[in-house]
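Containing compact mmCIF, C-alpha atoms: structure_14.txt.
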```txt
# COMPACT_ATOMS: atom_id res chain seq x y z
CA MET A 1 125.66 -2.71 41.22
CA PRO A 2 123.55 -0.57 38.81
CA VAL A 3 126.68 0.73 37.01
CA THR A 4 128.72 -1.50 34.71
CA ALA A 5 131.22 -0.90 31.94
CA PHE A 6 130.10 -0.35 28.34
CA HIS A 7 132.28 -2.69 26.31
CA ARG A 8 130.93 -2.43 22.76
CA LEU A 9 134.08 -0.79 21.46
CA VAL A 10 135.30 -0.58 17.87
CA CYS A 11 138.78 -0.30 16.42
CA PRO A 12 139.80 3.34 15.82
CA LEU A 13 141.75 2.29 12.71
CA ASP A 14 139.18 0.27 10.75
CA GLY A 15 135.90 0.44 12.70
CA GLN A 16 135.76 -3.32 13.30
CA PRO A 17 134.43 -4.65 16.63
CA LEU A 18 136.98 -5.05 19.41
CA THR A 19 137.02 -8.09 21.65
CA ARG A 20 138.95 -8.43 24.86
CA GLN A 21 141.80 -10.93 24.77
CA SER A 22 143.47 -11.11 28.19
CA GLN A 23 144.99 -7.65 28.74
CA ALA A 24 144.29 -6.17 25.31
CA TRP A 25 141.44 -5.26 22.95
CA GLN A 26 141.81 -6.73 19.45
CA CYS A 27 139.95 -6.43 16.16
CA PRO A 28 139.61 -9.07 13.40
CA GLN A 29 142.30 -7.31 11.36
CA GLY A 30 144.86 -7.88 14.11
CA HIS A 31 145.04 -4.38 15.54
CA SER A 32 145.68 -4.64 19.28
CA PHE A 33 145.35 -2.09 22.08
CA ASP A 34 146.80 -2.83 25.49
CA ILE A 35 144.74 -2.35 28.64
CA ALA A 36 146.61 -0.23 31.16
CA ARG A 37 147.22 -1.48 34.67
CA GLN A 38 144.55 0.97 35.91
CA GLY A 39 141.98 -0.56 33.54
CA TYR A 40 141.64 2.02 30.75
CA VAL A 41 142.51 1.57 27.07
CA HIS A 42 144.14 4.05 24.69
CA LEU A 43 142.17 4.24 21.40
CA LEU A 44 143.60 7.48 20.00
CA PRO A 45 145.98 6.62 17.13
CA VAL A 46 149.00 8.85 16.63
CA GLN A 47 147.69 10.04 13.25
CA LYS A 48 144.52 11.38 14.92
CA LYS A 49 146.36 13.39 17.59
CA ARG A 50 146.61 17.13 17.18
CA SER A 51 149.60 17.33 19.52
CA LYS A 52 152.03 15.03 21.29
CA ASP A 53 150.06 15.20 24.56
CA PRO A 54 146.54 16.42 23.68
CA GLY A 55 143.87 17.58 26.10
CA ASP A 56 144.19 18.70 29.68
CA SER A 57 147.60 18.47 31.31
CA LYS A 58 148.40 16.43 34.39
CA ALA A 59 148.35 19.60 36.51
CA MET A 60 144.96 20.72 35.15
CA VAL A 61 143.45 17.31 35.83
CA ALA A 62 144.78 17.27 39.40
CA ALA A 63 143.38 20.75 40.06
CA ARG A 64 139.97 19.78 38.65
CA GLN A 65 139.91 16.63 40.74
CA ARG A 66 140.56 18.55 43.95
CA PHE A 67 138.06 21.30 43.09
CA LEU A 68 135.19 19.07 42.00
CA ASN A 69 135.66 16.50 44.74
CA ALA A 70 135.37 19.35 47.25
CA GLY A 71 131.74 19.72 46.08
CA HIS A 72 131.88 23.24 44.65
CA TYR A 73 129.92 22.21 41.52
CA GLN A 74 127.48 19.87 43.29
CA CYS A 75 124.46 21.86 42.14
CA ILE A 76 125.52 21.37 38.52
CA ALA A 77 125.99 17.63 39.02
CA ASP A 78 122.57 17.32 40.68
CA ALA A 79 120.81 19.13 37.82
CA LEU A 80 122.69 17.08 35.23
CA ASN A 81 121.68 13.84 36.96
CA GLU A 82 118.04 14.87 36.94
CA ALA A 83 118.20 15.61 33.22
CA VAL A 84 119.92 12.31 32.42
CA LEU A 85 117.54 10.18 34.47
CA GLN A 86 114.36 11.53 32.85
CA ALA A 87 112.62 8.84 30.75
CA LEU A 88 115.63 6.57 31.21
CA PRO A 89 115.28 3.03 29.82
CA ALA A 90 115.73 0.22 32.33
CA ASP A 91 118.86 -0.92 30.47
CA THR A 92 120.79 2.17 29.41
CA ALA A 93 124.12 2.78 27.71
CA CYS A 94 125.64 6.18 28.50
CA LEU A 95 128.74 7.98 27.18
CA ASP A 96 130.38 10.98 28.79
CA ALA A 97 132.03 12.60 25.76
CA GLY A 98 134.87 14.55 27.33
CA CYS A 99 134.65 12.92 30.74
CA GLY A 100 137.66 14.61 32.32
CA GLU A 101 138.59 12.91 35.57
CA GLY A 102 135.17 11.30 35.78
CA TYR A 103 133.44 13.46 38.39
CA TYR A 104 130.07 13.74 36.64
CA LEU A 105 129.90 10.03 35.83
CA ARG A 106 130.69 9.16 39.45
CA GLN A 107 127.91 11.49 40.58
CA LEU A 108 125.51 9.93 38.06
CA GLY A 109 126.40 6.44 39.24
CA GLN A 110 125.46 7.38 42.79
CA ALA A 111 122.10 8.78 41.62
CA VAL A 112 120.94 5.82 39.52
CA PRO A 113 117.78 4.35 41.08
CA GLU A 114 117.22 0.67 41.71
CA GLY A 115 115.90 -1.18 38.68
CA ILE A 116 118.12 0.70 36.23
CA GLU A 117 121.15 -1.01 34.74
CA LEU A 118 123.54 1.67 33.50
CA GLN A 119 126.37 0.74 31.16
CA VAL A 120 128.88 3.58 31.25
CA LEU A 121 131.74 4.75 29.04
CA GLY A 122 133.98 7.72 29.76
CA LEU A 123 135.92 9.15 26.81
CA ASP A 124 138.53 11.90 26.89
CA VAL A 125 141.39 12.99 24.68
CA SER A 126 143.62 13.56 27.72
CA LYS A 127 145.41 10.45 28.93
CA TRP A 128 145.94 12.17 32.29
CA ALA A 129 142.20 12.71 32.71
CA VAL A 130 141.34 9.10 31.83
CA LEU A 131 144.08 7.80 34.13
CA SER A 132 142.66 9.84 37.03
CA ALA A 133 139.11 8.67 36.26
CA ALA A 134 140.12 5.01 36.16
CA LYS A 135 141.96 5.29 39.47
CA GLN A 136 138.93 6.80 41.20
CA ASP A 137 136.22 4.48 39.86
CA PRO A 138 136.88 1.13 38.17
CA ALA A 139 133.21 0.43 37.34
CA PRO A 140 132.85 2.33 34.01
CA ALA A 141 134.87 1.69 30.87
CA TRP A 142 137.47 4.43 30.41
CA VAL A 143 138.94 5.22 27.00
CA VAL A 144 141.45 7.71 25.67
CA GLY A 145 139.87 8.89 22.44
CA THR A 146 138.28 11.78 20.58
CA ASN A 147 134.72 13.01 20.07
CA ALA A 148 135.55 13.33 16.36
CA HIS A 149 135.83 9.53 16.09
CA ILE A 150 133.94 7.92 18.98
CA PRO A 151 135.06 4.27 19.14
CA VAL A 152 131.60 2.69 19.52
CA PRO A 153 129.16 1.19 16.97
CA ASP A 154 126.34 3.10 15.29
CA ASN A 155 123.10 3.40 17.29
CA SER A 156 124.58 1.86 20.42
CA LEU A 157 123.98 4.54 23.08
CA ASP A 158 120.90 5.85 24.90
CA ARG A 159 122.55 8.90 26.44
CA VAL A 160 125.51 11.11 25.55
CA LEU A 161 126.75 13.76 27.97
CA CYS A 162 128.76 16.77 26.82
CA VAL A 163 129.67 18.80 29.92
CA PHE A 164 131.57 22.03 29.20
CA GLY A 165 132.85 20.18 26.14
CA PHE A 166 133.16 20.32 22.39
CA PRO A 167 130.15 18.67 20.72
CA VAL A 168 130.55 16.86 17.42
CA PHE A 169 126.92 16.57 16.44
CA ASN A 170 127.33 14.25 13.49
CA GLU A 171 129.18 11.74 15.68
CA PHE A 172 126.66 12.09 18.50
CA THR A 173 123.86 11.42 16.00
CA ARG A 174 125.69 8.36 14.68
CA VAL A 175 126.27 6.69 18.05
CA LEU A 176 122.87 7.46 19.62
CA LYS A 177 119.92 5.13 19.16
CA PRO A 178 116.71 6.53 17.64
CA GLY A 179 115.12 8.45 20.50
CA GLY A 180 118.45 8.64 22.33
CA ARG A 181 119.28 11.86 24.12
CA LEU A 182 122.19 14.29 24.17
CA ILE A 183 122.55 16.31 27.38
CA MET A 184 124.77 19.39 27.07
CA VAL A 185 126.03 21.65 29.85
CA ASP A 186 127.37 25.05 28.77
CA PRO A 187 128.39 28.18 30.67
CA GLY A 188 125.86 30.97 30.84
CA PRO A 189 126.73 34.67 30.46
CA ASP A 190 127.41 35.18 34.17
CA HIS A 191 129.35 31.97 34.86
CA LEU A 192 132.38 32.80 37.04
CA ARG A 193 131.84 36.47 36.26
CA GLU A 194 133.51 37.69 39.46
CA LEU A 195 136.69 35.78 38.63
CA ARG A 196 136.66 37.05 35.06
CA ASP A 197 136.23 40.62 36.31
CA ILE A 198 139.42 40.20 38.34
CA ILE A 199 141.70 38.55 35.82
CA TYR A 200 140.77 40.40 32.61
CA PRO A 201 141.02 44.14 31.84
CA SER A 202 137.49 43.95 30.43
CA VAL A 203 135.01 41.09 30.26
CA THR A 204 133.52 40.10 26.93
CA GLU A 205 129.82 39.46 27.30
CA ARG A 206 128.83 35.90 26.51
CA PRO A 207 125.82 35.69 24.19
CA GLU A 208 122.55 34.72 25.83
CA GLY A 209 120.78 31.57 24.70
CA GLU A 210 121.58 27.95 23.85
CA ARG A 211 123.29 26.34 20.91
CA VAL A 212 121.37 26.06 17.67
CA VAL A 213 119.64 22.66 17.57
CA PRO A 214 120.92 20.55 14.64
CA GLU A 215 118.35 19.12 12.25
CA SER A 216 119.01 15.59 13.49
CA PHE A 217 117.79 16.53 16.99
CA GLN A 218 114.71 18.01 18.60
CA GLU A 219 114.86 19.91 21.87
CA VAL A 220 113.28 18.18 24.86
CA SER A 221 114.10 20.71 27.56
CA ARG A 222 116.39 23.50 28.66
CA GLU A 223 117.06 24.96 32.07
CA THR A 224 119.32 27.39 33.85
CA VAL A 225 121.24 26.45 36.99
CA ARG A 226 122.31 29.50 38.92
CA GLU A 227 123.88 29.57 42.37
CA THR A 228 126.33 31.63 44.41
CA ILE A 229 129.25 29.89 46.07
CA VAL A 230 132.12 31.11 48.21
CA LEU A 231 135.66 29.83 47.82
CA GLU A 232 137.72 30.09 50.97
CA GLY A 233 141.49 29.95 50.76
CA GLY A 234 143.91 30.71 47.98
CA SER A 235 144.37 27.05 47.09
CA ASN A 236 140.71 26.61 46.08
CA ILE A 237 140.86 29.72 43.93
CA ALA A 238 144.11 28.56 42.36
CA ASP A 239 142.58 25.15 41.58
CA LEU A 240 139.60 26.78 39.87
CA LEU A 241 141.92 28.87 37.71
CA ALA A 242 144.15 25.90 36.91
CA MET A 243 141.27 23.73 35.72
CA THR A 244 139.96 26.32 33.26
CA PRO A 245 141.33 27.84 30.04
CA HIS A 246 141.50 31.17 31.88
CA LEU A 247 144.89 30.18 33.31
CA TYR A 248 146.35 30.40 29.79
CA ARG A 249 144.19 33.20 28.43
CA ALA A 250 144.40 35.75 31.22
CA PRO A 251 147.21 38.34 31.25
CA ALA A 252 149.97 38.05 33.85
CA GLU A 253 148.64 41.07 35.74
CA GLY A 254 145.24 39.44 36.14
CA LEU A 255 146.72 36.16 37.31
CA ALA A 256 148.79 38.07 39.86
CA ARG A 257 145.64 39.71 41.23
CA ALA A 258 143.94 36.33 41.51
CA ALA A 259 146.97 34.89 43.32
CA GLU A 260 146.51 37.45 46.10
CA LEU A 261 142.92 36.41 46.83
CA THR A 262 142.04 34.40 49.92
CA ARG A 263 138.26 34.54 49.50
CA LEU A 264 136.06 34.81 46.44
CA GLN A 265 132.29 34.87 46.01
CA LEU A 266 131.34 33.40 42.64
CA THR A 267 128.28 33.07 40.46
CA LEU A 268 127.67 29.68 38.88
CA ASP A 269 125.50 30.09 35.79
CA VAL A 270 125.09 27.16 33.41
CA ARG A 271 122.61 26.03 30.76
CA ILE A 272 121.48 22.41 30.53
CA GLN A 273 119.93 21.48 27.22
CA VAL A 274 118.43 18.07 26.41
CA LEU A 275 118.18 17.08 22.75
CA GLU A 276 116.63 13.90 21.33
CA VAL A 277 117.53 12.15 18.09
CA THR A 278 114.63 12.48 15.66
```
Please rewrite the model in this file as structure tokens.
Amino acid sequence: MPVTAFHRLVCPLDGQPLTRQSQAWQCPQGHSFDIARQGYVHLLPVQKKRSKDPGDSKAMVAARQRFLNAGHYQCIADALNEAVLQALPADTACLDAGCGEGYYLRQLGQAVPEGIELQVLGLDVSKWAVLSAAKQDPAPAWVVGTNAHIPVPDNSLDRVLCVFGFPVFNEFTRVLKPGGRLIMVDPGPDHLRELRDIIYPSVTERPEGERVVPESFQEVSRETVRETIVLEGGSNIADLLAMTPHLYRAPAEGLARAAELTRLQLTLDVRIQVLEVT
């Protein structure tokens, strides 16, 4: 199998290397973290949580799993895979920082060509997302944790993915090897515009262009992925809403209008930017 688990983890409390001891990860200082029955490990200490149950809820994760597994964002996954696989070392360590329920890592695993050994780690602050990811694919390492304190050693990764996520550039710079690459996927100005037109009284225009490149990176490439899809059935539309922040941001009147829909044509518009550590 070209995909294996990335196991160079460090203790979230003192930064010491973790070693697996039976059904737990332990550091030299005696801190121990149990491995769940599904295979993932929780490395988000209570003092680093911003809420009792941070990240996406169980319902949001389930909706995203149904929506993505139905293939609605396949064009995004294909373009992301192409960006990740460019100039890929034969032995590569890859982190999905904000992996959700693991859809994009599963798609990447299926696209890895022969001759490439890919060590994979999925990290998310939501325990529900990591639980879902571990259930669907046991090959990668799955960790509950935060991008603000990525539990891996310095200069240990060749690729970091940040898909519709919250980049922490200083941490990404720390964990990437010299010449390692960060691949970011962000919504473009027209992404899901038709849905936004329905649920909001007025739509705020998203600014054109990509994020400012930090000094520690140089831009390798950027591209736009744009496609029109059609969602048939109210359940698909409801899942799309439930997996996005729009479910909590939109007014009740807008959500009621969306609930009446049985068909929706949508624009997918995303930006993929590849940055390399200088």
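Take the candidates A:Gly100, A:Tyr248, A:Asp190, A:Ala83 and check each one against A:Gln273 using all atoms listed in the file; the shortest distance goes to A:Ala83.
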Return as a Markdown table the residues of stretch 20-86 of chain A lying at most 8 Å from stretch 108-119 of chain A, together with the closest atom-to-atom pair for each and the distance in Å to one decimal, counting only C-alpha atoms, with rows in chain order and ascending residue number.
```
| residue | atom | partner | partner_atom | distance |
| --- | --- | --- | --- | --- |
| A:Ala77 | CA | A:Leu108 | CA | 7.8 |
| A:Asn81 | CA | A:Leu108 | CA | 5.6 |
| A:Leu85 | CA | A:Val112 | CA | 7.5 |
```
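For the residues A:Val130, A:Pro167, A:Pro151, A:Leu95, ranking by smallest atom-to-atom distance to A:Leu18 using all atoms listed in the file places A:Pro151 first.
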Inset, instruction - Between A:Val120, A:Leu68, A:Ala36, A:Val84, single out the one closest to A:Lys135, counting all atoms listed in the file. - result: A:Ala36
Legend entry - Residue nearest A:Asp14 among A:Val152, A:Arg66, A:Pro140, A:Val125 (counting all atoms listed in the file): A:Val152
Please identify all polymer residues within 8 Å of stretch 141-150 of chain A, counting only C-alpha atoms, omitting same-chain residues fewer than 5 positions from it, and present them as a tab-separated table (two decimals) with C-alpha atoms, in the frame of the given file.
```tsv
chain	number	residue	atom	x	y	z
A	4	THR	CA	128.72	-1.50	34.71
A	5	ALA	CA	131.22	-0.90	31.94
A	6	PHE	CA	130.10	-0.35	28.34
A	7	HIS	CA	132.28	-2.69	26.31
A	12	PRO	CA	139.80	3.34	15.82
A	39	GLY	CA	141.98	-0.56	33.54
A	40	TYR	CA	141.64	2.02	30.75
A	41	VAL	CA	142.51	1.57	27.07
A	42	HIS	CA	144.14	4.05	24.69
A	43	LEU	CA	142.17	4.24	21.40
A	44	LEU	CA	143.60	7.48	20.00
A	97	ALA	CA	132.03	12.60	25.76
A	98	GLY	CA	134.87	14.55	27.33
A	120	VAL	CA	128.88	3.58	31.25
A	121	LEU	CA	131.74	4.75	29.04
A	122	GLY	CA	133.98	7.72	29.76
A	123	LEU	CA	135.92	9.15	26.81
A	124	ASP	CA	138.53	11.90	26.89
A	125	VAL	CA	141.39	12.99	24.68
A	126	SER	CA	143.62	13.56	27.72
A	127	LYS	CA	145.41	10.45	28.93
A	130	VAL	CA	141.34	9.10	31.83
A	133	ALA	CA	139.11	8.67	36.26
A	134	ALA	CA	140.12	5.01	36.16
A	166	PHE	CA	133.16	20.32	22.39
A	167	PRO	CA	130.15	18.67	20.72
A	168	VAL	CA	130.55	16.86	17.42
A	171	GLU	CA	129.18	11.74	15.68
A	175	VAL	CA	126.27	6.69	18.05
```
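Using all atoms listed in the file, the smallest distance between any of A:Leu157, A:Ile198, A:Ile229, A:Cys94 and A:His72 comes from A:Ile229.
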Inset, instruction - Kindly give the distance, in Å, that separates atom CA of A:Asp269 and atom CA of A:Val230, rounded to a single decimal. - result: 14.1 Å
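Ranking A:Cys11, A:Leu192, A:Val185, A:Ile199 by their shortest atom-to-atom distance to A:Leu80, with all atoms listed in the file included, puts A:Val185 first.
One finds atom CA of A:Ile35 at 25.6 Å from atom CA of A:Leu176.
Between atom CA of A:Glu227 and atom CA of A:Leu266 the interatomic distance comes to 8.4 Å.
For A:Phe67, the non-local neighbours within 7 Å, defined as residues at least 3 positions apart in the same chain or in other chains and counting all atoms listed in the file, are Ala63, Arg64, Ala70, His72, Asn236, Asp239 and Leu240 of chain A.
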Legend entry - Residue list as an MDAnalysis selection string for point (115.2, 25.0, 30.9), cut-off 7 Å, all atoms listed in the file: chainID A and resid 221:224 272:273
Inset, instruction - Can you pull out every residue within 10 Å of A:Arg263, counting only C-alpha atoms, but drop anything in the same chain fewer than 6 positions away, and send it as JSON, numbers by chain? - result: {"A": [230, 231, 232, 233, 234, 235, 236, 237]}
Inset, instruction - Kindly provide, as a PyMOL selection string, the polymer residues lying within 7 Å of (133.1, 8.3, 41.5), counting only C-alpha atoms and using the coordinates exactly as they appear in the file. - result: chain A and resi 102-103+105-107+136-137
Selected residues written out, C-alpha atoms, as a tab-separated table (two decimals), in the frame of the given file:
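Listing of part.tsv after writing:
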```tsv
chain	number	residue	atom	x	y	z
A	102	GLY	CA	135.17	11.30	35.78
A	103	TYR	CA	133.44	13.46	38.39
A	105	LEU	CA	129.90	10.03	35.83
A	106	ARG	CA	130.69	9.16	39.45
A	107	GLN	CA	127.91	11.49	40.58
A	136	GLN	CA	138.93	6.80	41.20
A	137	ASP	CA	136.22	4.48	39.86
```
